[in-house]
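Data block for upload.cif (mmCIF, C-alpha atoms):
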data_start
loop_
_atom_site.label_atom_id
_atom_site.label_comp_id
_atom_site.auth_asym_id
_atom_site.auth_seq_id
_atom_site.Cartn_x
_atom_site.Cartn_y
_atom_site.Cartn_z
CA MET E 25 1.20 -2.00 18.15
CA SER E 26 -1.67 0.48 17.77
CA GLU E 27 -4.76 -0.62 15.86
CA LEU E 28 -5.27 1.08 12.51
CA ARG E 29 -8.81 2.41 12.28
CA PHE E 30 -11.14 3.87 9.63
CA ASP E 31 -13.51 5.72 11.93
CA GLY E 32 -15.19 8.56 10.06
CA ARG E 33 -14.02 7.24 6.69
CA VAL E 34 -16.30 6.14 3.84
CA VAL E 35 -15.01 3.39 1.58
CA VAL E 36 -16.59 2.32 -1.71
CA LEU E 37 -15.89 -1.26 -2.76
CA THR E 38 -16.88 -2.77 -6.10
CA GLY E 39 -17.41 -6.49 -6.51
CA ALA E 40 -17.82 -6.76 -2.74
CA GLY E 41 -20.72 -9.18 -2.60
CA ARG E 42 -18.60 -12.32 -2.62
CA GLY E 43 -15.09 -13.69 -2.16
CA ILE E 44 -12.22 -11.26 -1.83
CA GLY E 45 -14.40 -8.14 -2.01
CA ARG E 46 -16.62 -9.43 0.79
CA ALA E 47 -13.53 -10.07 2.93
CA TYR E 48 -12.37 -6.49 2.31
CA ALA E 49 -15.76 -5.06 3.27
CA LEU E 50 -15.98 -7.08 6.48
CA LEU E 51 -12.51 -6.05 7.66
CA LEU E 52 -12.93 -2.37 6.79
CA ALA E 53 -16.31 -2.23 8.54
CA GLU E 54 -14.85 -4.00 11.57
CA ARG E 55 -12.19 -1.27 11.72
CA GLY E 56 -14.81 1.47 11.73
CA ALA E 57 -15.31 2.40 8.07
CA ALA E 58 -18.74 3.06 6.62
CA VAL E 59 -18.64 0.81 3.58
CA VAL E 60 -20.60 0.85 0.35
CA VAL E 61 -20.91 -2.70 -0.93
CA ASN E 62 -21.28 -2.55 -4.69
CA ASP E 63 -22.01 -5.77 -6.54
CA LEU E 64 -24.06 -6.38 -9.66
CA GLY E 65 -24.47 -10.00 -8.66
CA ALA E 66 -23.36 -11.34 -12.03
CA SER E 67 -21.93 -14.75 -12.84
CA ILE E 68 -18.16 -15.23 -13.04
CA GLU E 69 -18.48 -14.76 -16.82
CA GLY E 70 -20.31 -11.47 -16.31
CA GLY E 71 -23.87 -12.54 -17.13
CA GLY E 72 -27.04 -11.84 -15.19
CA ALA E 73 -27.66 -9.81 -12.06
CA ASP E 74 -28.68 -10.52 -8.48
CA THR E 75 -29.26 -8.09 -5.63
CA GLY E 76 -28.69 -10.82 -3.07
CA PRO E 77 -24.87 -10.84 -2.66
CA ALA E 78 -24.54 -7.13 -1.85
CA ALA E 79 -27.52 -7.24 0.50
CA GLU E 80 -26.16 -10.28 2.32
CA VAL E 81 -22.80 -8.65 3.01
CA VAL E 82 -24.53 -5.49 4.24
CA GLY E 83 -26.62 -7.68 6.51
CA GLU E 84 -23.51 -9.31 7.97
CA ILE E 85 -21.92 -5.95 8.64
CA THR E 86 -24.95 -4.31 10.21
CA ALA E 87 -25.64 -7.38 12.35
CA ALA E 88 -22.12 -7.00 13.75
CA GLY E 89 -22.76 -3.33 14.56
CA GLY E 90 -21.09 -1.82 11.52
CA THR E 91 -22.27 0.67 8.92
CA ALA E 92 -22.87 -0.45 5.34
CA THR E 93 -25.10 0.23 2.38
CA ALA E 94 -25.69 -1.89 -0.70
CA ASP E 95 -25.37 -0.78 -4.32
CA THR E 96 -26.04 -2.89 -7.40
CA HIS E 97 -25.09 -0.55 -10.25
CA ASP E 98 -23.11 -1.92 -13.18
CA VAL E 99 -19.82 -0.05 -12.74
CA SER E 100 -18.63 -0.88 -16.25
CA ASP E 101 -21.36 1.51 -17.41
CA GLU E 102 -20.52 5.22 -17.19
CA ALA E 103 -23.89 6.16 -15.71
CA GLY E 104 -23.72 3.28 -13.24
CA ALA E 105 -20.28 4.26 -11.96
CA ALA E 106 -21.36 7.88 -11.59
CA ALA E 107 -24.53 6.84 -9.75
CA LEU E 108 -22.52 4.70 -7.32
CA ILE E 109 -20.38 7.63 -6.24
CA ALA E 110 -23.20 10.17 -6.29
CA GLY E 111 -25.35 7.87 -4.15
CA THR E 112 -22.49 7.36 -1.71
CA VAL E 113 -21.97 11.09 -1.22
CA GLU E 114 -25.70 11.69 -0.90
CA ALA E 115 -26.19 8.93 1.67
CA LEU E 116 -22.96 9.19 3.67
CA GLY E 117 -21.77 12.73 2.98
CA ARG E 118 -18.33 11.92 1.56
CA VAL E 119 -16.05 9.33 0.02
CA ASP E 120 -12.50 8.72 1.27
CA ALA E 121 -11.38 5.56 -0.48
CA VAL E 122 -12.30 3.49 -3.49
CA VAL E 123 -11.41 -0.19 -3.84
CA ASN E 124 -11.92 -1.34 -7.44
CA ASN E 125 -12.38 -5.07 -7.09
CA ALA E 126 -15.15 -6.02 -9.55
CA GLY E 127 -14.09 -8.65 -12.03
CA ILE E 128 -15.05 -11.49 -14.33
CA ILE E 129 -13.16 -14.25 -16.09
CA ARG E 130 -13.82 -16.15 -19.31
CA TRP E 131 -11.36 -18.91 -20.13
CA ALA E 132 -10.56 -19.49 -23.80
CA PRO E 133 -7.55 -20.66 -25.83
CA PHE E 134 -5.67 -18.32 -28.13
CA PRO E 135 -6.31 -17.60 -30.99
CA ASP E 136 -9.83 -18.98 -30.60
CA VAL E 137 -10.76 -16.50 -27.84
CA PRO E 138 -13.76 -14.46 -29.03
CA ALA E 139 -13.22 -10.72 -29.36
CA GLU E 140 -16.29 -10.11 -27.22
CA ASP E 141 -14.60 -11.96 -24.35
CA VAL E 142 -11.67 -9.54 -24.51
CA ASP E 143 -14.11 -6.62 -24.60
CA ALA E 144 -15.93 -7.96 -21.55
CA HIS E 145 -12.71 -8.28 -19.55
CA LEU E 146 -11.62 -4.77 -20.49
CA ASP E 147 -15.06 -3.40 -19.56
CA VAL E 148 -15.27 -4.91 -16.09
CA HIS E 149 -11.62 -4.82 -14.98
CA LEU E 150 -10.21 -1.76 -16.69
CA ARG E 151 -13.06 0.47 -17.82
CA ALA E 152 -14.97 0.08 -14.53
CA SER E 153 -11.86 0.92 -12.51
CA PHE E 154 -11.36 4.02 -14.63
CA LEU E 155 -15.00 5.11 -14.44
CA VAL E 156 -15.46 4.66 -10.69
CA THR E 157 -12.17 6.36 -9.91
CA ARG E 158 -12.93 9.23 -12.26
CA ALA E 159 -16.32 9.76 -10.62
CA ALA E 160 -14.78 9.78 -7.15
CA TRP E 161 -11.72 11.88 -8.04
CA PRO E 162 -13.29 15.38 -7.70
CA HIS E 163 -14.53 14.50 -4.21
CA LEU E 164 -11.16 13.10 -3.14
CA ALA E 165 -9.18 15.97 -4.65
CA GLY E 166 -11.59 18.53 -3.22
CA GLN E 167 -10.87 17.36 0.32
CA GLY E 168 -7.15 16.96 -0.37
CA TYR E 169 -7.20 13.31 0.61
CA GLY E 170 -8.05 10.00 -0.98
CA ARG E 171 -7.04 6.39 -1.36
CA VAL E 172 -7.61 4.32 -4.48
CA VAL E 173 -6.90 0.59 -4.57
CA MET E 174 -6.92 -1.09 -7.96
CA THR E 175 -7.01 -4.84 -8.51
CA THR E 176 -4.51 -6.36 -10.89
CA SER E 177 -3.47 -10.00 -10.98
CA SER E 178 -0.49 -12.29 -11.30
CA GLY E 179 -2.48 -13.51 -14.31
CA MET E 180 -0.96 -10.61 -16.24
CA LEU E 181 2.37 -12.45 -16.02
CA GLY E 182 1.03 -15.05 -18.43
CA LEU E 183 -1.20 -18.08 -18.16
CA PRO E 184 -2.75 -20.30 -20.84
CA MET E 185 -6.38 -19.63 -21.72
CA ASN E 186 -6.50 -16.12 -20.20
CA ALA E 187 -5.37 -13.64 -22.86
CA GLY E 188 -8.31 -11.28 -22.36
CA TYR E 189 -8.06 -11.34 -18.57
CA ALA E 190 -4.30 -10.80 -18.65
CA ALA E 191 -4.63 -7.89 -21.08
CA ALA E 192 -7.19 -6.20 -18.84
CA LYS E 193 -5.11 -6.70 -15.70
CA GLY E 194 -2.02 -5.36 -17.46
CA GLY E 195 -4.10 -2.32 -18.39
CA VAL E 196 -5.03 -1.83 -14.74
CA LEU E 197 -1.32 -1.66 -13.92
CA GLY E 198 -0.80 1.12 -16.47
CA LEU E 199 -3.86 2.96 -15.16
CA THR E 200 -2.57 2.68 -11.60
CA ARG E 201 0.82 4.14 -12.47
CA SER E 202 -0.68 6.97 -14.50
CA LEU E 203 -3.22 8.01 -11.86
CA ALA E 204 -0.56 7.88 -9.16
CA THR E 205 1.28 10.69 -10.95
CA ALA E 206 -1.91 12.77 -11.05
CA GLY E 207 -2.77 12.05 -7.44
CA ARG E 208 0.52 13.23 -5.94
CA LYS E 209 -0.48 16.87 -6.30
CA VAL E 210 -3.87 16.50 -4.65
CA GLY E 211 -3.25 14.08 -1.79
CA ILE E 212 -4.53 10.92 -3.48
CA THR E 213 -2.55 7.69 -3.48
CA VAL E 214 -3.27 5.02 -6.09
CA ASN E 215 -1.91 1.51 -5.60
CA ALA E 216 -2.79 -1.96 -6.84
CA ILE E 217 -3.16 -5.35 -5.24
CA ALA E 218 -2.72 -8.73 -6.91
CA PRO E 219 -4.66 -11.14 -4.67
CA ALA E 220 -3.98 -14.85 -4.26
CA ALA E 221 -7.00 -16.63 -2.82
CA SER E 222 -9.38 -19.50 -3.36
CA THR E 223 -12.55 -17.99 -4.86
CA ARG E 224 -15.17 -18.93 -7.43
CA MET E 225 -13.24 -16.96 -10.06
CA ALA E 226 -10.01 -18.76 -9.29
CA GLY E 227 -11.55 -22.11 -10.13
CA GLY E 228 -10.94 -25.33 -8.26
CA GLY E 229 -8.58 -28.24 -8.22
CA GLY E 230 -4.83 -28.59 -8.44
CA GLY E 231 -3.97 -25.85 -5.96
CA PRO E 232 -3.25 -25.56 -2.24
CA ASP E 233 -5.81 -26.43 0.40
CA PRO E 234 -8.59 -23.81 0.04
CA ALA E 235 -8.50 -23.27 3.81
CA LEU E 236 -4.96 -21.94 3.39
CA MET E 237 -6.11 -19.58 0.62
CA ASP E 238 -8.97 -17.87 2.44
CA PRO E 239 -9.84 -14.43 0.96
CA ALA E 240 -9.64 -13.02 4.50
CA LEU E 241 -5.86 -13.54 4.30
CA VAL E 242 -5.70 -11.00 1.46
CA ALA E 243 -7.79 -8.32 3.18
CA PRO E 244 -5.12 -6.79 5.47
CA MET E 245 -3.04 -5.65 2.50
CA ALA E 246 -6.01 -4.08 0.71
CA ALA E 247 -7.05 -2.37 3.93
CA TYR E 248 -3.58 -0.95 4.49
CA LEU E 249 -3.45 0.42 0.95
CA ALA E 250 -6.80 2.11 1.69
CA HIS E 251 -5.62 3.54 5.02
CA GLU E 252 -4.38 7.07 5.63
CA ASP E 253 -1.08 5.73 7.02
CA CYS E 254 -0.13 4.02 3.74
CA PRO E 255 3.03 5.85 2.60
CA VAL E 256 3.30 4.74 -1.05
CA THR E 257 1.67 5.42 -4.39
CA GLY E 258 1.95 3.80 -7.80
CA GLU E 259 2.98 0.44 -6.32
CA VAL E 260 1.74 -3.13 -6.74
CA TYR E 261 1.51 -5.60 -3.88
CA THR E 262 0.49 -9.22 -3.75
CA ALA E 263 -1.12 -10.93 -0.78
CA GLY E 264 -2.46 -14.35 0.07
CA ALA E 265 -1.86 -17.55 2.04
CA GLY E 266 -0.03 -15.59 4.75
CA ARG E 267 2.51 -13.93 2.43
CA PHE E 268 2.69 -10.23 1.52
CA ALA E 269 5.09 -8.96 -1.13
CA ARG E 270 5.82 -6.18 -3.61
CA ILE E 271 5.75 -6.67 -7.38
CA PHE E 272 7.66 -4.14 -9.43
CA ILE E 273 8.85 -3.28 -12.94
CA GLY E 274 12.61 -3.03 -13.28
CA SER E 275 14.90 -1.77 -16.02
CA THR E 276 18.38 -3.18 -16.66
CA PRO E 277 21.33 -0.85 -17.30
CA GLY E 278 21.59 -2.46 -20.72
CA TRP E 279 24.26 -1.85 -23.32
CA VAL E 280 25.10 1.65 -24.54
CA ALA E 281 26.27 1.96 -28.12
CA GLY E 282 27.17 5.61 -27.48
CA ALA E 283 25.50 9.00 -27.68
CA GLY E 284 24.27 9.47 -31.23
CA ALA E 285 25.72 6.14 -32.35
CA THR E 286 23.84 4.00 -34.84
CA ALA E 287 24.02 0.42 -33.65
CA SER E 288 23.68 -2.36 -36.17
CA LEU E 289 21.46 -5.41 -35.87
CA ASP E 290 24.60 -7.52 -35.45
CA GLU E 291 25.83 -5.35 -32.57
CA VAL E 292 22.51 -5.72 -30.76
CA ALA E 293 22.82 -9.49 -31.10
CA ALA E 294 26.46 -9.43 -29.98
CA HIS E 295 25.60 -7.49 -26.82
CA TRP E 296 22.49 -9.48 -25.96
CA ASP E 297 23.89 -10.72 -22.65
CA ALA E 298 24.66 -7.17 -21.52
CA ILE E 299 21.21 -5.97 -22.54
CA ASN E 300 19.64 -8.68 -20.36
CA ASP E 301 22.05 -8.48 -17.41
CA GLU E 302 19.95 -7.70 -14.32
CA ASN E 303 22.87 -6.47 -12.20
CA GLY E 304 22.33 -2.84 -11.26
CA TYR E 305 18.70 -2.71 -12.38
CA THR E 306 16.56 0.28 -11.43
CA VAL E 307 12.89 0.49 -10.43
CA PRO E 308 11.46 3.60 -12.10
CA ALA E 309 8.75 5.45 -10.24
CA ASP E 310 7.26 6.81 -13.45
CA LEU E 311 8.05 7.55 -17.08
CA VAL E 312 10.09 10.64 -16.23
CA ALA E 313 12.27 8.66 -13.82
CA TRP E 314 12.78 5.90 -16.38
CA SER E 315 13.69 8.41 -19.11
CA ARG E 316 16.16 10.14 -16.83
CA SER E 317 17.94 6.85 -16.18
CA PHE E 318 17.68 5.47 -19.72
CA LEU E 319 19.05 8.64 -21.32
CA ASP E 320 21.73 9.45 -18.74
CA HIS E 321 24.49 8.66 -21.27
CA LEU E 322 23.46 11.61 -23.43
CA PRO E 323 25.17 15.00 -23.04
CA PRO E 324 23.08 17.60 -21.18
CA SER E 325 20.95 19.83 -23.36
CA ASP E 326 21.74 23.53 -23.55
#

Is it possible to express this structure as structure tokens?
Amino acid sequence: MSELRFDGRVVVLTGAGRGIGRAYALLLAERGAAVVVNDLGASIEGGGADTGPAAEVVGEITAAGGTATADTHDVSDEAGAAALIAGTVEALGRVDAVVNNAGIIRWAPFPDVPAEDVDAHLDVHLRASFLVTRAAWPHLAGQGYGRVVMTTSSGMLGLPMNAGYAAAKGGVLGLTRSLATAGRKVGITVNAIAPAASTRMAGGGGGPDPALMDPALVAPMAAYLAHEDCPVTGEVYTAGAGRFARIFIGSTPGWVAGAGATASLDEVAAHWDAINDENGYTVPADLVAWSRSFLDHLPPSD
């Protein structure tokens, strides 16, 4: 098995001063990438700032013979995201991959969750991913090559106390799928990872042995999604504790009332089992593919 390398590639990573992001940076640098370690150094709730985490990771990488630079811009701010990418291109001459990993979490029950907590989650998880990717996009498209790795979460599947976090991570999924359609024409792939690891954001207690949930066990999947050999776009993968898997959105065949037919409420209820039957489900690549399948019972248009 040949070793996948990143020699000559420049990778920008947000939220890379600790935990999962640090593990990504260390692996990518070990495989030859010049990495930009972005981290505001905030608390898990998003407060404060500290230049230490990004600098420490850069120190680890350079001590091991790798190439890394630190950046502490707030990527949820439009100017900060733009400065991160501009500084990368100025210092290293290019950008080849972006890994959007920055995140926060604020636990709160619904409906008592403050609106500002939802705003904060959307800013750091969704808005920052959008802003950094948008800033990098002209450089990636201009060279006809790029890799973007978004960070979603199994938290979007539903968990008590995390409505704001789940909403933001669900938004990242939609952003991933949308940008994948735009990237196909210009050589950019956009995929997402849903990590499973023991970190400060994940909290403690009640889970598996933290040694079995090391962030380093997630890093190979993120690195592959950032590598030129990765053959997919618009997909979501989960990784952690030695397992790697695909998460996807499927659509059942459902029940067809008939082309142009007006189904009643009672008919929908009567065919509920057929509507939910998962046999023969499809996995749409995008909205066009879903529409083609969903509307295949209609007569062709003239």

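Against the coordinates shown, the PyMOL selection byres ((chain E and resi 301) around 12) returns Gly274, Ser275, Thr276, Pro277, Gly278, Trp279, His295, Trp296, Asp297, Ala298, Ile299, Asn300, Glu302, Asn303, Gly304, Tyr305 and Thr306 of chain E.
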
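The interatomic distance for the pair CA of Gly56 (chain E) and CA of Phe268 (chain E) works out to 23.4 Å.
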
Applying the PyMOL selection byres ((chain E and resi 257) around 10) to the file I just gave you, which residues come out? Please list them as number ranges by chain. E: 171-173, 200-201, 203-205, 207-208, 212-216, 249, 254-256, 258-260, 309

Specify as an MDAnalysis selection string each residue included when the PyMOL selection byres ((chain E and resi 149) around 9) is applied to this file. chainID E and resid 100 124:128 144:148 150:154 175:176 189 192:193 195:196

Rounded to one decimal in Å, what is the spacing between CA of Asn62 (chain E) and CA of Ile109 (chain E)? 10.3 Å

Which polymer residues, whether protein, DNA or RNA, lie within 10 Å of the coordinate (0.1, -12.0, -19.4) when you count all atoms listed in the file? List them as number ranges by chain, using the chain letters and numbers from the file. E: 177-184, 186-194

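If you look at CA of Val123 (chain E) and CA of Leu199 (chain E), they are 14.0 Å away from each other.
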
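Among the candidate residues E:Ala220, E:Leu64, E:Val59, E:Leu51, the one lying nearest to Val82 (chain E) is E:Val59, with distances computed using only C-alpha atoms.
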
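In terms of minimum interatomic distance to Val113 (chain E), E:Val36 ranks closest within E:Val36, E:Val312, E:Ile217, E:Ala206, counting all atoms listed in the file.
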
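In terms of minimum interatomic distance to Ala57 (chain E), E:Val35 ranks closest within E:Leu289, E:Met237, E:Val35, E:Leu322, counting all atoms listed in the file.
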
Using all atoms listed in the file, find the one residue out of E:Gly266, E:Ala247, E:Ile129, E:Val122 that sits nearest to Ala235 (chain E). E:Gly266

Would you pick out the contacts of Glu27 (chain E) at 12 Å or less, using only C-alpha atoms, so that residues sharing its chain but fewer than 5 positions from it are not included, and give the list as a VMD selection string? chain E and resid 54 to 56 248 251 253

N, CA, C and O atoms restored at region 47-72 of chain E, emitted as a short mmCIF file (atom, residue, chain, number, x, y, z; two decimals), in the coordinates of the input:
data_model
loop_
_atom_site.label_atom_id
_atom_site.label_comp_id
_atom_site.auth_asym_id
_atom_site.auth_seq_id
_atom_site.Cartn_x
_atom_site.Cartn_y
_atom_site.Cartn_z
N ALA E 47 -14.52 -10.06 1.85
CA ALA E 47 -13.53 -10.07 2.93
C ALA E 47 -13.02 -8.66 3.21
O ALA E 47 -12.83 -8.26 4.36
N TYR E 48 -12.79 -7.88 2.14
CA TYR E 48 -12.37 -6.49 2.31
C TYR E 48 -13.42 -5.70 3.09
O TYR E 48 -13.11 -4.95 4.02
N ALA E 49 -14.67 -5.83 2.65
CA ALA E 49 -15.76 -5.06 3.27
C ALA E 49 -15.90 -5.39 4.75
O ALA E 49 -16.08 -4.49 5.59
N LEU E 50 -15.83 -6.67 5.08
CA LEU E 50 -15.98 -7.08 6.48
C LEU E 50 -14.86 -6.51 7.34
O LEU E 50 -15.10 -6.01 8.45
N LEU E 51 -13.63 -6.56 6.87
CA LEU E 51 -12.51 -6.05 7.66
C LEU E 51 -12.59 -4.53 7.81
O LEU E 51 -12.40 -3.99 8.91
N LEU E 52 -12.86 -3.83 6.72
CA LEU E 52 -12.93 -2.37 6.79
C LEU E 52 -14.05 -1.91 7.72
O LEU E 52 -13.88 -0.96 8.50
N ALA E 53 -15.20 -2.58 7.65
CA ALA E 53 -16.31 -2.23 8.54
C ALA E 53 -15.95 -2.53 9.99
O ALA E 53 -16.27 -1.75 10.90
N GLU E 54 -15.27 -3.64 10.21
CA GLU E 54 -14.85 -4.00 11.57
C GLU E 54 -13.92 -2.94 12.16
O GLU E 54 -13.93 -2.67 13.36
N ARG E 55 -13.13 -2.31 11.27
CA ARG E 55 -12.19 -1.27 11.72
C ARG E 55 -12.81 0.12 11.71
O ARG E 55 -12.10 1.11 11.82
N GLY E 56 -14.13 0.20 11.54
CA GLY E 56 -14.81 1.47 11.73
C GLY E 56 -15.25 2.21 10.48
O GLY E 56 -15.89 3.26 10.57
N ALA E 57 -14.91 1.71 9.30
CA ALA E 57 -15.31 2.40 8.07
C ALA E 57 -16.81 2.21 7.81
O ALA E 57 -17.38 1.16 8.13
N ALA E 58 -17.42 3.23 7.21
CA ALA E 58 -18.74 3.06 6.62
C ALA E 58 -18.48 2.58 5.20
O ALA E 58 -17.81 3.26 4.42
N VAL E 59 -18.97 1.40 4.86
CA VAL E 59 -18.64 0.81 3.58
C VAL E 59 -19.86 0.76 2.67
O VAL E 59 -20.99 0.54 3.11
N VAL E 60 -19.58 1.00 1.38
CA VAL E 60 -20.60 0.85 0.35
C VAL E 60 -20.27 -0.41 -0.43
O VAL E 60 -19.21 -0.50 -1.07
N VAL E 61 -21.13 -1.40 -0.32
CA VAL E 61 -20.91 -2.70 -0.93
C VAL E 61 -21.57 -2.72 -2.30
O VAL E 61 -22.78 -2.88 -2.43
N ASN E 62 -20.76 -2.51 -3.33
CA ASN E 62 -21.28 -2.55 -4.69
C ASN E 62 -21.08 -3.94 -5.28
O ASN E 62 -19.98 -4.48 -5.22
N ASP E 63 -22.13 -4.50 -5.84
CA ASP E 63 -22.01 -5.77 -6.54
C ASP E 63 -23.23 -5.95 -7.43
O ASP E 63 -24.36 -5.90 -6.96
N LEU E 64 -22.97 -6.14 -8.72
CA LEU E 64 -24.06 -6.38 -9.66
C LEU E 64 -24.71 -7.73 -9.44
O LEU E 64 -25.87 -7.95 -9.79
N GLY E 65 -23.95 -8.66 -8.87
CA GLY E 65 -24.47 -10.00 -8.66
C GLY E 65 -24.44 -10.86 -9.90
O GLY E 65 -25.27 -11.76 -10.07
N ALA E 66 -23.47 -10.60 -10.77
CA ALA E 66 -23.36 -11.34 -12.03
C ALA E 66 -22.65 -12.67 -11.82
O ALA E 66 -22.03 -12.91 -10.78
N SER E 67 -22.68 -13.50 -12.85
CA SER E 67 -21.93 -14.75 -12.84
C SER E 67 -20.45 -14.46 -13.02
O SER E 67 -20.06 -13.32 -13.33
N ILE E 68 -19.60 -15.47 -12.88
CA ILE E 68 -18.16 -15.23 -13.04
C ILE E 68 -17.82 -14.83 -14.47
O ILE E 68 -16.80 -14.20 -14.72
N GLU E 69 -18.70 -15.17 -15.42
CA GLU E 69 -18.48 -14.76 -16.82
C GLU E 69 -19.05 -13.38 -17.11
O GLU E 69 -18.87 -12.85 -18.21
N GLY E 70 -19.77 -12.81 -16.14
CA GLY E 70 -20.31 -11.47 -16.31
C GLY E 70 -21.77 -11.41 -16.71
O GLY E 70 -22.29 -10.32 -16.96
N GLY E 71 -22.47 -12.53 -16.74
CA GLY E 71 -23.87 -12.54 -17.13
C GLY E 71 -24.82 -12.44 -15.95
O GLY E 71 -24.50 -12.84 -14.83
N GLY E 72 -26.00 -11.89 -16.20
CA GLY E 72 -27.04 -11.84 -15.19
C GLY E 72 -26.82 -10.78 -14.13
O GLY E 72 -25.87 -10.01 -14.16
#
